[in-house]
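Okay, structure first, notes after.
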Amino acid sequence: MKYFVTGTDTDSGKTLVTSALLYKMNQSQAYGRTLGLKPVASGCEPTEKGLRNSDALALIEQSSIELDYDLVNPISFLPAIAPHIAASQTGVDISPGALLAKIQQSLAAATLNETDVCLIEGAGGWRLPLGEGHFLSEVVQDLDMPVILVVGVKLGCLNHAVLTHEAIIADGLTVVAWVANIVEPQTSCLDENLASLQQLMPSPCLGVVPYLSEANAEAAAEHLNLTALVS
């Protein structure tokens with residue numbers, strides 16, 4: 001099973017939810033060997049081994065398969081800016097073709113390691129620009145993967161969620177499920193907003209992750225139900 005995890009926007013909680021999904025899968029014999037990938041990441045820290053991204057490291061921590069860091073996060077940028085701007089500044093090719101080749105290399109390594117479930121976490125939202133009029137969504141279309149949508153629940157999330165859901169469907173892909181992640185605990189009419197999301201998006205909901213003062217995969221996993229992902 002392979003899924004692409006996207007979000008309604010930056011900081012919607014993609015990494016938290018992806019890590020929680022991996023954690024929960026690892027607790028069940030129904031999913032087998034798991035792997036999380038973060039193909040593109042900005043906002044990395046320099047280390048003796050090269051740039052390292054906290055999101056990618058979080059996925060590595062929850063994956064039962066061990067791959068070299070450069071296979072988990074093949075494209076990394078130091079500044080926390082839009083990847084296509086960082087790529088332009090550093091001369092790195094993140095065109096759809098170049099990015100697809102990197103992901104396919106990582107997936108080939110996953111296959112060699114007998115991976116059963118692979119979650120590929122995107123960057124930003126569905127229409128993350130790659131430069132020259134291209135978007136990350138084109139790569140997902142080429143991969144033809146079902147999509148898990150993470151909705152960052154806050155003021156304005158209904159519009160963001162519905163537009164993203166519609167865009168994924170219009171691109172010919174399936175939103176296999178979505179997760180509500182509460183990023184603003186003081187959101188007005190929270191229950192009503194959650195009910196509206198259920199009504200507006202026909203895809204199954206894997207759960208509602210409450211605002212966590214200490215957000216971690218184990219705590220978030222308690223609020224997820226993976227029934228919709230069993231193939």
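We label chains A, B, ... in the order they appear in the structure tokens, count residues from 1 in each chain, and number ligands from 1 in the order shown.
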
Would you list the contacts of Val117 of chain A as a PDB file with N, CA, C and O atoms, in the first residue's frame, taking every protein, DNA or RNA residue within 12 Å and counting only C-alpha atoms, but skipping same-chain residues closer than 2 positions in sequence?
ATOM      1  N   MET A   1       0.842  -1.190   0.000  1.00  0.00           N
ATOM      2  CA  MET A   1       0.000   0.000   0.000  1.00  0.00           C
ATOM      3  C   MET A   1       0.883   1.249   0.000  1.00  0.00           C
ATOM      4  O   MET A   1       1.855   1.313   0.748  1.00  0.00           O
ATOM      5  N   LYS A   2       0.540   2.178  -0.838  1.00  0.00           N
ATOM      6  CA  LYS A   2       1.262   3.448  -0.899  1.00  0.00           C
ATOM      7  C   LYS A   2       0.240   4.577  -0.877  1.00  0.00           C
ATOM      8  O   LYS A   2      -0.740   4.555  -1.616  1.00  0.00           O
ATOM      9  N   TYR A   3       0.499   5.585  -0.049  1.00  0.00           N
ATOM     10  CA  TYR A   3      -0.382   6.734   0.066  1.00  0.00           C
ATOM     11  C   TYR A   3       0.436   8.014   0.056  1.00  0.00           C
ATOM     12  O   TYR A   3       1.553   8.055   0.597  1.00  0.00           O
ATOM     13  N   PHE A   4      -0.132   9.056  -0.523  1.00  0.00           N
ATOM     14  CA  PHE A   4       0.466  10.376  -0.465  1.00  0.00           C
ATOM     15  C   PHE A   4      -0.315  11.195   0.549  1.00  0.00           C
ATOM     16  O   PHE A   4      -1.550  11.254   0.498  1.00  0.00           O
ATOM     17  N   THR A  18       1.078  11.870   9.749  1.00  0.00           N
ATOM     18  CA  THR A  18       1.808  10.798   9.072  1.00  0.00           C
ATOM     19  C   THR A  18       2.565   9.943  10.083  1.00  0.00           C
ATOM     20  O   THR A  18       2.549   8.704  10.013  1.00  0.00           O
ATOM     21  N   LEU A  21       0.063   7.825  11.942  1.00  0.00           N
ATOM     22  CA  LEU A  21      -0.398   6.704  11.126  1.00  0.00           C
ATOM     23  C   LEU A  21       0.638   5.583  11.132  1.00  0.00           C
ATOM     24  O   LEU A  21       0.294   4.399  11.282  1.00  0.00           O
ATOM     25  N   LEU A  22       1.908   5.943  10.967  1.00  0.00           N
ATOM     26  CA  LEU A  22       2.970   4.937  11.000  1.00  0.00           C
ATOM     27  C   LEU A  22       3.022   4.250  12.357  1.00  0.00           C
ATOM     28  O   LEU A  22       3.143   3.017  12.444  1.00  0.00           O
ATOM     29  N   TYR A  23       2.917   5.027  13.414  1.00  0.00           N
ATOM     30  CA  TYR A  23       2.949   4.468  14.767  1.00  0.00           C
ATOM     31  C   TYR A  23       1.814   3.468  14.958  1.00  0.00           C
ATOM     32  O   TYR A  23       2.029   2.357  15.453  1.00  0.00           O
ATOM     33  N   MET A  25       0.056   1.883  12.675  1.00  0.00           N
ATOM     34  CA  MET A  25       0.236   0.713  11.817  1.00  0.00           C
ATOM     35  C   MET A  25       1.229  -0.263  12.420  1.00  0.00           C
ATOM     36  O   MET A  25       1.064  -1.487  12.309  1.00  0.00           O
ATOM     37  N   ASN A  26       2.262   0.279  13.053  1.00  0.00           N
ATOM     38  CA  ASN A  26       3.275  -0.582  13.655  1.00  0.00           C
ATOM     39  C   ASN A  26       2.748  -1.354  14.856  1.00  0.00           C
ATOM     40  O   ASN A  26       3.352  -2.358  15.257  1.00  0.00           O
ATOM     41  N   GLN A  29      -0.655  -6.015  13.321  1.00  0.00           N
ATOM     42  CA  GLN A  29      -0.053  -6.967  12.403  1.00  0.00           C
ATOM     43  C   GLN A  29      -0.686  -6.884  11.011  1.00  0.00           C
ATOM     44  O   GLN A  29      -0.224  -7.542  10.078  1.00  0.00           O
ATOM     45  N   ALA A  30      -1.715  -6.062  10.862  1.00  0.00           N
ATOM     46  CA  ALA A  30      -2.438  -5.991   9.591  1.00  0.00           C
ATOM     47  C   ALA A  30      -1.684  -5.205   8.529  1.00  0.00           C
ATOM     48  O   ALA A  30      -2.007  -5.307   7.341  1.00  0.00           O
ATOM     49  N   TYR A  31      -0.674  -4.440   8.916  1.00  0.00           N
ATOM     50  CA  TYR A  31      -0.026  -3.534   7.969  1.00  0.00           C
ATOM     51  C   TYR A  31       1.396  -3.929   7.598  1.00  0.00           C
ATOM     52  O   TYR A  31       1.911  -3.481   6.574  1.00  0.00           O
ATOM     53  N   GLY A  32       2.046  -4.730   8.396  1.00  0.00           N
ATOM     54  CA  GLY A  32       3.390  -5.185   8.050  1.00  0.00           C
ATOM     55  C   GLY A  32       4.448  -4.114   8.245  1.00  0.00           C
ATOM     56  O   GLY A  32       4.371  -3.272   9.142  1.00  0.00           O
ATOM     57  N   ARG A  33       5.421  -4.099   7.342  1.00  0.00           N
ATOM     58  CA  ARG A  33       6.579  -3.218   7.447  1.00  0.00           C
ATOM     59  C   ARG A  33       6.253  -1.842   6.870  1.00  0.00           C
ATOM     60  O   ARG A  33       5.715  -1.735   5.769  1.00  0.00           O
ATOM     61  N   THR A  34       6.591  -0.796   7.608  1.00  0.00           N
ATOM     62  CA  THR A  34       6.165   0.563   7.256  1.00  0.00           C
ATOM     63  C   THR A  34       7.344   1.470   6.954  1.00  0.00           C
ATOM     64  O   THR A  34       8.453   1.288   7.461  1.00  0.00           O
ATOM     65  N   LEU A  35       7.058   2.480   6.137  1.00  0.00           N
ATOM     66  CA  LEU A  35       8.081   3.456   5.774  1.00  0.00           C
ATOM     67  C   LEU A  35       7.440   4.804   5.484  1.00  0.00           C
ATOM     68  O   LEU A  35       6.426   4.885   4.804  1.00  0.00           O
ATOM     69  N   GLY A  36       8.034   5.853   6.015  1.00  0.00           N
ATOM     70  CA  GLY A  36       7.612   7.212   5.702  1.00  0.00           C
ATOM     71  C   GLY A  36       8.682   7.926   4.903  1.00  0.00           C
ATOM     72  O   GLY A  36       9.876   7.800   5.200  1.00  0.00           O
ATOM     73  N   LEU A  37       8.262   8.670   3.870  1.00  0.00           N
ATOM     74  CA  LEU A  37       9.187   9.423   3.025  1.00  0.00           C
ATOM     75  C   LEU A  37       8.801  10.897   3.022  1.00  0.00           C
ATOM     76  O   LEU A  37       7.614  11.230   3.073  1.00  0.00           O
ATOM     77  N   SER A  63       9.142   4.784  11.346  1.00  0.00           N
ATOM     78  CA  SER A  63       9.173   3.767  10.291  1.00  0.00           C
ATOM     79  C   SER A  63       9.833   2.494  10.817  1.00  0.00           C
ATOM     80  O   SER A  63      10.828   2.547  11.531  1.00  0.00           O
ATOM     81  N   SER A  64       9.276   1.346  10.443  1.00  0.00           N
ATOM     82  CA  SER A  64       9.908   0.093  10.847  1.00  0.00           C
ATOM     83  C   SER A  64      10.995  -0.335   9.861  1.00  0.00           C
ATOM     84  O   SER A  64      11.793  -1.213  10.159  1.00  0.00           O
ATOM     85  N   ILE A  65      11.029   0.301   8.680  1.00  0.00           N
ATOM     86  CA  ILE A  65      12.069   0.068   7.689  1.00  0.00           C
ATOM     87  C   ILE A  65      13.146   1.144   7.839  1.00  0.00           C
ATOM     88  O   ILE A  65      12.827   2.329   7.970  1.00  0.00           O
ATOM     89  N   LEU A 107      11.328   4.516  -3.679  1.00  0.00           N
ATOM     90  CA  LEU A 107      10.340   3.434  -3.696  1.00  0.00           C
ATOM     91  C   LEU A 107      10.990   2.119  -4.103  1.00  0.00           C
ATOM     92  O   LEU A 107      10.590   1.045  -3.621  1.00  0.00           O
ATOM     93  N   ALA A 110      12.533   0.851  -1.111  1.00  0.00           N
ATOM     94  CA  ALA A 110      11.486   0.350  -0.227  1.00  0.00           C
ATOM     95  C   ALA A 110      11.061  -1.055  -0.633  1.00  0.00           C
ATOM     96  O   ALA A 110      10.852  -1.934   0.211  1.00  0.00           O
ATOM     97  N   THR A 111      10.945  -1.275  -1.925  1.00  0.00           N
ATOM     98  CA  THR A 111      10.564  -2.601  -2.426  1.00  0.00           C
ATOM     99  C   THR A 111      11.624  -3.632  -2.085  1.00  0.00           C
ATOM    100  O   THR A 111      11.307  -4.757  -1.660  1.00  0.00           O
ATOM    101  N   ASN A 113      13.477  -3.631   0.383  1.00  0.00           N
ATOM    102  CA  ASN A 113      13.403  -3.874   1.825  1.00  0.00           C
ATOM    103  C   ASN A 113      12.058  -4.457   2.241  1.00  0.00           C
ATOM    104  O   ASN A 113      11.730  -4.476   3.427  1.00  0.00           O
ATOM    105  N   GLU A 114      11.284  -4.905   1.263  1.00  0.00           N
ATOM    106  CA  GLU A 114       9.997  -5.581   1.512  1.00  0.00           C
ATOM    107  C   GLU A 114       9.058  -4.725   2.343  1.00  0.00           C
ATOM    108  O   GLU A 114       8.450  -5.178   3.313  1.00  0.00           O
ATOM    109  N   THR A 115       8.941  -3.471   1.961  1.00  0.00           N
ATOM    110  CA  THR A 115       8.026  -2.553   2.633  1.00  0.00           C
ATOM    111  C   THR A 115       6.584  -2.874   2.250  1.00  0.00           C
ATOM    112  O   THR A 115       6.275  -3.072   1.077  1.00  0.00           O
ATOM    113  N   LEU A 119       4.129   5.729   3.253  1.00  0.00           N
ATOM    114  CA  LEU A 119       3.439   7.019   3.311  1.00  0.00           C
ATOM    115  C   LEU A 119       4.407   8.098   2.835  1.00  0.00           C
ATOM    116  O   LEU A 119       5.485   8.264   3.408  1.00  0.00           O
ATOM    117  N   ILE A 120       4.018   8.807   1.786  1.00  0.00           N
ATOM    118  CA  ILE A 120       4.855   9.882   1.252  1.00  0.00           C
ATOM    119  C   ILE A 120       4.241  11.215   1.665  1.00  0.00           C
ATOM    120  O   ILE A 120       3.139  11.560   1.225  1.00  0.00           O
ATOM    121  N   LEU A 229      -8.213   2.304   5.566  1.00  0.00           N
ATOM    122  CA  LEU A 229      -6.976   2.082   4.831  1.00  0.00           C
ATOM    123  C   LEU A 229      -6.657   0.600   4.622  1.00  0.00           C
ATOM    124  O   LEU A 229      -5.678   0.275   3.963  1.00  0.00           O
ATOM    125  N   VAL A 230      -7.437  -0.288   5.205  1.00  0.00           N
ATOM    126  CA  VAL A 230      -7.190  -1.709   5.025  1.00  0.00           C
ATOM    127  C   VAL A 230      -7.601  -2.114   3.617  1.00  0.00           C
ATOM    128  O   VAL A 230      -8.734  -1.911   3.216  1.00  0.00           O
ATOM    129  N   SER A 231      -6.665  -2.643   2.848  1.00  0.00           N
ATOM    130  CA  SER A 231      -6.954  -3.019   1.470  1.00  0.00           C
ATOM    131  C   SER A 231      -7.391  -4.468   1.396  1.00  0.00           C
ATOM    132  O   SER A 231      -7.165  -5.245   2.307  1.00  0.00           O
TER     133      SER A 231
END

*Quick one: pick out all helix (DSSP H, G or I) residues within segment 107-169 of chain A from a backbone DSSP run and write them as a PyMOL selection string.*
chain A and resi 107-112+136-143+157-169

_Excluding Pro146 of chain A and its own-chain neighbours fewer than 3 positions away, which residues fall within 12 Å of it when counting only C-alpha atoms? Please give them as a PyMOL selection string._
chain A and resi 1-6+118-120+137+140-143+149+168-169+171-178+203+228-229+231

Convert the current residue selection to file output with C-alpha atoms, as a CSV table (one decimal), in the first residue's frame.
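Dumped everything to part_5.csv:
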chain,number,residue,atom,x,y,z
A,1,MET,CA,0.0,0.0,0.0
A,2,LYS,CA,1.3,3.4,-0.9
A,3,TYR,CA,-0.4,6.7,0.1
A,4,PHE,CA,0.5,10.4,-0.5
A,5,VAL,CA,-0.2,12.6,2.5
A,6,THR,CA,-1.1,16.2,1.7
A,118,CYS,CA,4.7,3.6,2.4
A,119,LEU,CA,3.4,7.0,3.3
A,120,ILE,CA,4.9,9.9,1.3
A,137,SER,CA,0.5,17.6,-7.5
A,140,VAL,CA,1.4,12.6,-7.4
A,141,GLN,CA,-0.6,12.3,-10.6
A,142,ASP,CA,2.4,10.5,-12.2
A,143,LEU,CA,2.6,8.2,-9.2
A,149,LEU,CA,-5.8,14.8,3.3
A,168,ILE,CA,-7.4,16.3,-5.8
A,169,ILE,CA,-10.5,14.8,-7.4
A,171,ASP,CA,-6.7,15.8,-10.9
A,172,GLY,CA,-8.0,12.3,-11.3
A,173,LEU,CA,-6.9,11.0,-7.9
A,174,THR,CA,-8.8,9.5,-5.0
A,175,VAL,CA,-9.0,11.0,-1.5
A,176,VAL,CA,-9.0,7.7,0.3
A,177,ALA,CA,-9.5,9.4,3.7
A,178,TRP,CA,-9.0,12.6,5.6
A,203,SER,CA,-14.3,10.6,1.8
A,228,ALA,CA,-10.6,2.8,5.7
A,229,LEU,CA,-7.0,2.1,4.8
A,231,SER,CA,-7.0,-3.0,1.5

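In this structure, atom CA of Lys49 of chain A sits 21.9 Å away from atom CA of Ile81 of chain A.
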
*Write down as an MDAnalysis selection string the residues belonging to chain A that are assigned strand (DSSP E) by DSSP computed on the backbone.*
chainID A and resid 2:7 34:37 40:41 45:47 50:52 75:76 117:121 129:131 134:135 147:153 175:182 205:209

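Candidate residues A:Val40, A:Thr8, A:Gly13, A:Ile148 were compared for distance to Leu212 of chain A, and the nearest is A:Gly13, using only C-alpha atoms.
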
_Top pick for closest residue to Asp144 of chain A, considering A:Glu66, A:Ala41, A:Tyr211, A:Leu100 and counting only C-alpha atoms_ =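 Once distances to Asp144 of chain A are computed over only C-alpha atoms, the minimum belongs to A:Leu100.
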
_If we count only C-alpha atoms and set the cut-off at 8 Å, which residues sit around Ala80 of chain A, ignoring sequence neighbours fewer than 6 positions away in its own chain? Please answer as a list in words._
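Once the nearby chain positions are removed, what remains is Ser42, Gly43 and Cys44 of chain A.
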
Prev. selection, C-alpha atoms, output as a PDB file, in the first residue's frame:
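The result, stored in part.pdb:
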ATOM      1  CA  SER A  42      12.774  23.220   3.531  1.00  0.00           C
ATOM      2  CA  GLY A  43      13.919  24.524   6.868  1.00  0.00           C
ATOM      3  CA  CYS A  44      16.691  22.008   7.529  1.00  0.00           C
TER       4      CYS A  44
END

*Ala98 of chain A: which residues within 12 Å, counting only C-alpha atoms, same-chain residues fewer than 6 positions away excluded, as an NGL selection string?*
:A and (39-40 or 74-75 or 92 or 104-105 or 130 or 134 or 136 or 138-139)

*With a distance cut-off of 12 Å and only C-alpha atoms, select the neighbouring residues of Ala215 of chain A, excluding the residue or stretch itself and same-chain residues fewer than 6 positions from it, and output the selection as a ChimeraX atom specification.*
/A:13,15-17,19-20,58,181-183,209,221-222

With C-alpha atoms retained, could you export that selection as a PDB file, in the first residue's frame?
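Below you can see again09.pdb, which holds the result:
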ATOM      1  CA  GLY A  13      -0.172  18.809  10.819  1.00  0.00           C
ATOM      2  CA  THR A  15       4.025  15.281   9.818  1.00  0.00           C
ATOM      3  CA  LEU A  16       2.166  14.683  13.083  1.00  0.00           C
ATOM      4  CA  VAL A  17      -0.581  12.740  11.321  1.00  0.00           C
ATOM      5  CA  SER A  19       3.937   9.858  12.082  1.00  0.00           C
ATOM      6  CA  ALA A  20       0.819   8.856  14.010  1.00  0.00           C
ATOM      7  CA  ALA A  58      10.107  12.201  12.743  1.00  0.00           C
ATOM      8  CA  ASN A 181      -6.130  18.046  13.127  1.00  0.00           C
ATOM      9  CA  ILE A 182      -7.044  20.791  15.584  1.00  0.00           C
ATOM     10  CA  VAL A 183      -4.366  23.465  15.238  1.00  0.00           C
ATOM     11  CA  VAL A 209      -6.724  14.750  16.486  1.00  0.00           C
ATOM     12  CA  ALA A 221      -2.446   7.846  17.109  1.00  0.00           C
ATOM     13  CA  GLU A 222      -4.958   7.301  19.909  1.00  0.00           C
TER      14      GLU A 222
END

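Relative to atom CA of His165 of chain A, atom CA of Ala219 of chain A is found at 26.4 Å.
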
*Using only C-alpha atoms, which residue out of A:Ile60, A:Ala161, A:Phe77, A:Val208 lies closest to His223 of chain A?*
A:Val208

_Within 9 Å of segment 188-200 of chain A using only C-alpha atoms, minus same-chain residues under 2 positions, as a list in words_ =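 Everything that qualifies: Val153, Lys154, Leu155, Cys157, Leu158, Ala161, Val162, Ala180, Pro185, Gln186, Pro202, Ser203, Pro204, Cys205 and Val208 of chain A.
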
*asked:* Could you tell me how far atom CA of Asp68 of chain A sits from atom CA of Gly7 of chain A, in Å to one decimal place?
replied: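 Between these atoms lies a distance of 25.6 Å.
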
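With only C-alpha atoms as the atoms that count, the minimum distance from Val179 of chain A to the choices A:Leu224, A:Ala86, A:Leu112, A:Ile103 is reached by A:Leu224.
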